[in-house]
Amino acid sequence: MSVSIVPTLKVLLPAARIALVALIGLIGGYYANAMFFPGTSPEQPIDFSHRVHAGENEIPCMYCHVQARRSISAGVPSVNKCMGCHTDIATDRPQIRLLASYWENKEPIPWVKVHDLPDFVHFTHKRHVQADIECQTCHGPVETMDVVSREAPVEMGLCLNCHKDNEVVHGTDCWTCHK
Amino acid sequence: MGAGGGFMLAESIKHPVEHLIPYAVPPEEFSSGIATWYNSICGMCPAGCGISVRTREGRAKKIEGNPSHPVNQGRLCALGQAGLQVLYNPDRLTAPMLQSGERGSGEFVQTTWNEGLSEVASRLSASTNNDGIYFVSEGVRGHLANLFELFMNELGSANLLHYDFAHPHSLYAANNHIFGERQLPYYDIRNSRYLLSFGADYLNDWLSPVHHGLGFGHSRQGNGDARGRFVQIEPRMSISGASADEWIPATPGSEGILALGIAQQILAGGNYQGTDADDWNAALATYSAAYVEDKTGVPADTVARIASEFSHAEPGLAIGGGAAGNHTNGVDTLVAVNALNYLVGNIGKPGGVVFNPDPVVGSSTAGRQANFAAMQDLAENARQGAIEVLIINNTNPLFTLPPGAGLKEALASIPLVVSLSSFMDETTAMADIILPSHTYLESWGDDMPQPGVGFSVGAVSQPVVSPLYNTRATGDIILGLAGKMGLGEAMGWDSMEDYIKDSWRNVYERGSPDAGGFDSFWREVLTSGAWGENTRNSNSVVIDKQVIDNIAVAEAEFSGNPDEYPFVLHPYLSTTLYDGRGANLPWMQELPDPMTSIVYGSWVELNPQTANEMGIQDGDLLRITSEHGSIEVPAVTFPAIMPDVVAMPIGQGHEEFGRYARNRGSNPIQILAPNMDAVSGSLATSATRVSLAQTGRRAAPVKTGGESRQLGRNIVQSTGADGDSAGHSAKLNSIPIVVDPA
Amino acid sequence: MNIMERFISSWQKYRKPGYYEDFDYAWTMSIDLDRCTGCSACVTACQAENNIPIVGEKELAKGREMHWIRIERYWEGEYPNAKLKFIPMLCQQCDAAPCETVCPVSATYHNQDGLNTQVYNRCIGTRSCAVYCPYEVRYFNYNSHHWDSPLEQQLNPDVSVREKGVMEKCTFCIQRVRQAKDHAKDDGRRRVQEGDIQPACVQTCPSEALVFGDRKDSNSKVAKSLADPRAYHVLDELNTLPSVVYLKKVDSDG
């Protein structure tokens, strides 16, 4: 004789409803995190504004990020570099005084990395800068940012698309970018 | 809840926050992402190779040989590469310490440099007898050695000793005796066509292994069609023996008799035309081939053949050391080896023995090296209460001296023991005050390598990274003590760096002090990593008639009678651990021993026939007993060792020295008899007889190598000497790449 | 090119006999067994350069060695005529690599320099490649590794640190090759020349037994090694077309 599965399902129905709601909640929560707390714009120890320095004052990127043209890493300016101007400029502002206190204690400023590539990626600023790619291409319109935020997704697609579009020699070889 | 869960999921898979930390003021040569290289000197063994260290963002990443340094010419051995693990070792001493409990209890408390230095300085100043101050350091050369001399001079004490386990005392004594030379000569293996080695493991640990490796490679295949021939005479095949064309096992301790036998054959064959031939003939009359065969076990016709080959090679070179130099007749053996060089006339010639000039940088410190007799005397003096303060610098006599020296017990009679070492080894564990030194990668210093390369060569060692911990350079510690004791006049340098720089002005003035001045000279020495000068020693040699008349090698003596102790113990310096200093380096513990592929432990090697007769299998735990103690070690069969000889590597068996070294394996030095060579007073490490017994337990050593026979797989292929090399190409299945001229 | 076109061009590239003649470089290593002394400096140099972990005694007892280059030793004969021969064994960078054919996710492939490369991110850890490799030169990370602080300060930033579940092997120090090409480009687009790049093992070998270079350069030392009468490939009969050529040890009697 045939046995119906329906009674079993009826019992499970409340559990299924709860599971469905939980699943929707899970997905919703995930996207809420992604939308409102993406981590692309972390808080920095000093409120350094690129808009003021690179935008208004038109300081070239490589004045501070000295290594970009000759090294794999663009480099972050030393406290020495900041004090080069700020020993005299705007010394009354609270953020500058904060900077000066780092300098007096001979302490480096612990900037939070915004464009953080995973450790297994080999990205060399040198080759890209020397290929005349503008900083803004990957970093976005930094000179308009008060707080640096990560515009481009730090994903393999970004690199690969550009390499393919520009027909980079061996650009799609895994070991070009992976270590 | 679901929303919360999803939120946390997204959070948890996010990349952790990283920081970008710049410098406050970057150093001049710093560029992030670009490596900075510094030249320095390797400190892992006494050879003194030049190194170039790659640093990134202030951290040392890789040590390479310095191509400009004549000793190693860009190459480096495994121990040298592991120097990074000395620098970044997790068990380094990080600050000055005082023993708060009983000596040896390990209850150290940290203190400040000021306190540590003051305490030691005041105890030194308060000593009633100047000669009660003893300073025992690892072998150092260059200006650090000078600094030690100055310091001890100022203190009024003559008791400055350098102590290295593997120092070739017998070789120095032999060279002095027959050639009147106080420096070690340069053995030109590179240009030799026939190398006859009596126990000297020249590719592994004898004198300057990297340089010899270079010479070996060149002699083999770098010299056009002429291929050098290498013959090794020893009771157990060493690394050099494995690379030799011929390995000849001779009764332990009889290598000198064999050498004289070969010498006698050279004379008998009319191959020596010197004016003192008659004296030689008279002196060597006893050493007929038959006599030699009887004493050494080497067949008479082999002796004759070797003598002929050696004397007809252009040139032949004879070297001795290792086990052969470490018997009770060690000096006589090495004198006999030197005689062979003299008889074939290779002194001062390419491919022969080239005498070295006196060191230009720093003083010659060979005279300070403490042999076993001196260490025994030290222990005796301690027991008599004659030692008030003992300062130890980076040497570990409690591990490398047999207990027969009585040093551990004697320490109890020394009121103050100070250690300047960088690690908590067995000797440092017995210290009352520890003033830890920088490692060699963090220190200023200099060196003139010995045995050098036949002309004056020197180098400066500079820090490649900022000091990691609250340690100081050894030289700075000495200068600090001198400062506290008011010895400012004679030792008024601010730091080791100043001292070295100042001392090198003298070296600068030797050359033509022209363009640039001292500063640019200094800069050049550091950027090239080596300095040289064409000062050579005269190589004319006249051997005293007395020396010739008295040339003889007695049979070696052993401790223990052959009935109770049927085997001769042959301890050898391990490729990976040297004299035990590599035991705290994980890379070295994990590096398979090249001959047996064993890692992380000790083992004893037996002839397979012997093992068979005694029913011993690989991995059986054996008890090795000498008249002076016993240890338990797993057995391994080893095809190239004499049936009545057992061999064990030195280096394991530490009780202290960090997490990688502790309580691992056994130390064969522990059961060695305190027998000495009568002439040089050095420890006869190969003079102990032992017995083997099964414990009934197994402790199979960990091996990385698999089957040690090829079983027809043809993995290592060889060609006959005159075989395939004539004419046709080997058959390769690969299709050669042809490139059009672009 | 779109996906289909790229796929077809790749396929055609590898199916064409003599496809490696189109390599940019053909990196080759020659190992002279007559010079090798078994000192194992190459093993330690490789460990330092490539962030090779310490696996520890327990794992080694299970046979889980982690050395990208190893010294194999083979005894011949019996006392007193026993002989011991050493041979350094590392990834042969085979042009007809068995490991490349089996990887289900194509984590190992032949690149434009003739190197057999391993992409750690793609590897899913089936370990078939290690089984297929006749030289047994592929090593699997059975565990994630830990360096007792501050030993991790020594790690080379140009090389990944591999996690559990990933296969690794000798890469001919591809990070050094990459850097050499970078420098060559800085100097104005010239090719990487003989002596510009040496893997860590080659650089440190005291007896100069290991030699590295581009066999497409007919003046290079490795090209001369290939023409040497003593040259042979290990396990030649398997026809893996290795890029490592060995020079036979000269056996002299006596």
# chains A, B, ... in the order shown; residues from 1 in each chain; ligands from 1

$ interface_residues --of "chain C" --to "chain A" --cutoff "12 Å" --atoms "only C-alpha atoms" --output "ChimeraX atom specification"
/C:1-3,6,10,23-24,50-51,106-113,115-122,156-163,168,171,173-179,181-183,185-186

$ interface_residues --of "chain B" --to "chain A" --cutoff "8 Å" --atoms "only C-alpha atoms" --output "PyMOL selection string"
chain B and resi 1-11+17-26+31-34

$ residues_around --residues "range 26-34 of chain C" --least-positions-apart "6" --cutoff "8 Å" --atoms "only C-alpha atoms" --output "PDB file with C-alpha atoms, in the first residue's frame"
ATOM      1  CA  GLY B 217      85.241  21.719  -8.730  1.00  0.00           C
ATOM      2  CA  ARG B 220      87.735  18.128 -11.534  1.00  0.00           C
ATOM      3  CA  GLN B 221      86.136  19.795 -14.514  1.00  0.00           C
TER       4      GLN B 221
ATOM      5  CA  TYR C  20      58.826  25.190 -27.118  1.00  0.00           C
ATOM      6  CA  PHE C  86      75.403  12.021  -4.807  1.00  0.00           C
ATOM      7  CA  ILE C  87      72.816  13.479  -7.127  1.00  0.00           C
ATOM      8  CA  PRO C  88      70.857  16.651  -6.469  1.00  0.00           C
ATOM      9  CA  ASP C 113      59.802  30.505 -20.300  1.00  0.00           C
ATOM     10  CA  GLY C 114      59.623  26.751 -20.472  1.00  0.00           C
ATOM     11  CA  LEU C 115      59.072  26.487 -16.755  1.00  0.00           C
ATOM     12  CA  ALA C 209      78.348  21.914  -9.920  1.00  0.00           C
ATOM     13  CA  LEU C 210      75.067  23.677 -10.689  1.00  0.00           C
ATOM     14  CA  VAL C 211      74.928  25.965 -13.684  1.00  0.00           C
ATOM     15  CA  PHE C 212      71.844  27.831 -14.872  1.00  0.00           C
ATOM     16  CA  GLY C 213      71.021  29.602 -18.075  1.00  0.00           C
ATOM     17  CA  ASP C 214      68.992  29.881 -21.223  1.00  0.00           C
ATOM     18  CA  ARG C 215      69.589  27.061 -23.670  1.00  0.00           C
ATOM     19  CA  LYS C 216      68.288  29.208 -26.500  1.00  0.00           C
ATOM     20  CA  VAL C 222      74.104  25.273 -20.315  1.00  0.00           C
ATOM     21  CA  SER C 225      76.591  21.352 -21.212  1.00  0.00           C
ATOM     22  CA  LEU C 226      73.874  19.939 -23.430  1.00  0.00           C
ATOM     23  CA  SER C 243      65.084  20.960 -18.602  1.00  0.00           C
ATOM     24  CA  VAL C 244      67.687  19.710 -16.183  1.00  0.00           C
ATOM     25  CA  VAL C 245      70.681  18.043 -17.756  1.00  0.00           C
ATOM     26  CA  TYR C 246      73.104  16.024 -15.699  1.00  0.00           C
ATOM     27  CA  LEU C 247      76.726  15.477 -16.542  1.00  0.00           C
ATOM     28  CA  LYS C 248      77.935  11.988 -15.737  1.00  0.00           C
ATOM     29  CA  LYS C 249      80.333  11.469 -12.912  1.00  0.00           C
ATOM     30  CA  VAL C 250      83.713  10.388 -14.201  1.00  0.00           C
TER      31      VAL C 250
END

$ closest_residue --among "C:Cys170, C:Met89, C:Cys103, C:Ala227" --to "chain B" --atoms "only C-alpha atoms"
C:Ala227

$ select_by_dssp --residues "range 334-407 of chain B" --states "alpha helix (DSSP H)" --output "list in words"
Leu334, Val335, Ala336, Val337, Asn338, Ala339, Leu340, Asn341, Tyr342, Leu343, Phe372, Ala373, Ala374, Met375, Gln376, Asp377, Leu378, Ala379, Glu380, Asn381, Ala382, Arg383, Pro397, Leu398, Phe399, Thr400 and Leu407 of chain B

$ closest_residue --among "B:Asn550, B:Thr365, B:Ser538, B:Ser691" --to "Leu161 in chain B" --atoms "only C-alpha atoms"
B:Thr365

$ residues_around --residues "Ile239 in chain B" --least-positions-apart "6" --cutoff "9 Å" --atoms "only C-alpha atoms" --output "ChimeraX atom specification"
/B:201-204,575,594-595 /C:37-39

$ write_last_selection --atoms "N, CA and C atoms" --output "PDB file, in the first residue's frame"
ATOM      1  N   ASP B 201      88.921  16.156   6.047  1.00  0.00           N
ATOM      2  CA  ASP B 201      87.628  16.257   5.365  1.00  0.00           C
ATOM      3  C   ASP B 201      87.521  17.651   4.761  1.00  0.00           C
ATOM      4  N   TYR B 202      88.324  17.908   3.738  1.00  0.00           N
ATOM      5  CA  TYR B 202      88.509  19.272   3.236  1.00  0.00           C
ATOM      6  C   TYR B 202      87.264  19.847   2.583  1.00  0.00           C
ATOM      7  N   LEU B 203      86.299  19.014   2.215  1.00  0.00           N
ATOM      8  CA  LEU B 203      85.073  19.531   1.596  1.00  0.00           C
ATOM      9  C   LEU B 203      83.979  19.781   2.620  1.00  0.00           C
ATOM     10  N   ASN B 204      84.207  19.368   3.852  1.00  0.00           N
ATOM     11  CA  ASN B 204      83.143  19.410   4.843  1.00  0.00           C
ATOM     12  C   ASN B 204      83.445  20.363   5.982  1.00  0.00           C
ATOM     13  N   THR B 575      78.149  17.493   9.133  1.00  0.00           N
ATOM     14  CA  THR B 575      78.008  18.483   8.053  1.00  0.00           C
ATOM     15  C   THR B 575      77.050  19.582   8.459  1.00  0.00           C
ATOM     16  N   PRO B 594      74.161  14.239   4.483  1.00  0.00           N
ATOM     17  CA  PRO B 594      74.342  13.792   3.096  1.00  0.00           C
ATOM     18  C   PRO B 594      74.665  12.308   2.943  1.00  0.00           C
ATOM     19  N   MET B 595      75.380  11.724   3.909  1.00  0.00           N
ATOM     20  CA  MET B 595      75.784  10.330   3.725  1.00  0.00           C
ATOM     21  C   MET B 595      74.687   9.349   4.136  1.00  0.00           C
TER      22      MET B 595
ATOM     23  N   THR C  37      79.665  17.581  -4.414  1.00  0.00           N
ATOM     24  CA  THR C  37      80.298  16.927  -3.283  1.00  0.00           C
ATOM     25  C   THR C  37      79.282  16.478  -2.238  1.00  0.00           C
ATOM     26  N   GLY C  38      78.009  16.768  -2.470  1.00  0.00           N
ATOM     27  CA  GLY C  38      76.990  16.377  -1.501  1.00  0.00           C
ATOM     28  C   GLY C  38      76.932  17.290  -0.288  1.00  0.00           C
ATOM     29  N   CYS C  39      77.484  18.484  -0.362  1.00  0.00           N
ATOM     30  CA  CYS C  39      77.559  19.343   0.814  1.00  0.00           C
ATOM     31  C   CYS C  39      76.206  19.882   1.264  1.00  0.00           C
TER      32      CYS C  39
END

$ closest_residue --among "C:Cys201, C:Val137, C:Met4, C:Ile71" --to "chain B" --atoms "only C-alpha atoms"
C:Ile71

$ residues_around --residues "Ser207 in chain C" --least-positions-apart "3" --cutoff "6 Å" --atoms "only C-alpha atoms" --output "list in words"
Gly213, Leu214 and Gly217 of chain B; Arg35 of chain C

$ atom_distance --atom1 "CA of Arg59 in chain B" --atom2 "CA of Val465 in chain B"
6.2 Å

$ closest_atom_pairs --of "range 7-60 of chain C" --to "range 640-661 of chain B" --cutoff "12 Å" --atoms "only C-alpha atoms" --output "JSON lines"
{"residue": "C:Ile54", "atom": "CA", "partner": "B:Tyr660", "partner_atom": "CA", "distance": 11.2}
{"residue": "C:Gly56", "atom": "CA", "partner": "B:Tyr660", "partner_atom": "CA", "distance": 9.8}
{"residue": "C:Glu57", "atom": "CA", "partner": "B:Tyr660", "partner_atom": "CA", "distance": 10.5}

$ write_last_selection --atoms "N, CA and C atoms" --output "PDB file, in the first residue's frame"
ATOM      1  N   ILE C  54      59.657  24.536   8.077  1.00  0.00           N
ATOM      2  CA  ILE C  54      60.246  23.436   8.841  1.00  0.00           C
ATOM      3  C   ILE C  54      59.089  22.515   9.185  1.00  0.00           C
ATOM      4  N   GLY C  56      59.294  19.515  10.825  1.00  0.00           N
ATOM      5  CA  GLY C  56      59.428  18.880  12.129  1.00  0.00           C
ATOM      6  C   GLY C  56      59.642  17.383  12.041  1.00  0.00           C
ATOM      7  N   GLU C  57      60.123  16.839  13.133  1.00  0.00           N
ATOM      8  CA  GLU C  57      60.528  15.432  13.159  1.00  0.00           C
ATOM      9  C   GLU C  57      59.357  14.492  12.923  1.00  0.00           C
TER      10      GLU C  57
END

$ residues_around --residues "Asp618 in chain B" --least-positions-apart "4" --cutoff "7 Å" --atoms "only C-alpha atoms" --output "list in words"
Ala635, Val636 and Thr637 of chain B

$ write_last_selection --atoms "N, CA and C atoms" --output "mmCIF file, in the first residue's frame"
data_model
loop_
_atom_site.group_PDB
_atom_site.id
_atom_site.type_symbol
_atom_site.label_atom_id
_atom_site.label_comp_id
_atom_site.auth_asym_id
_atom_site.auth_seq_id
_atom_site.Cartn_x
_atom_site.Cartn_y
_atom_site.Cartn_z
ATOM 1 N N ALA B 635 71.581 2.309 15.804
ATOM 2 C CA ALA B 635 72.591 1.813 14.865
ATOM 3 C C ALA B 635 72.144 2.025 13.430
ATOM 4 N N VAL B 636 73.123 2.241 12.562
ATOM 5 C CA VAL B 636 72.863 2.379 11.124
ATOM 6 C C VAL B 636 73.998 1.652 10.415
ATOM 7 N N THR B 637 73.687 0.807 9.436
ATOM 8 C CA THR B 637 74.779 0.150 8.720
ATOM 9 C C THR B 637 75.318 1.121 7.666
#

$ closest_residue --among "B:Leu160, B:Ala268, B:Leu435, B:Ala700" --to "Gly132 in chain B" --atoms "only C-alpha atoms"
B:Leu160

$ closest_residue --among "C:Pro242, C:Pro53, C:Pro229, C:Pro134" --to "chain B" --atoms "only C-alpha atoms"
C:Pro229
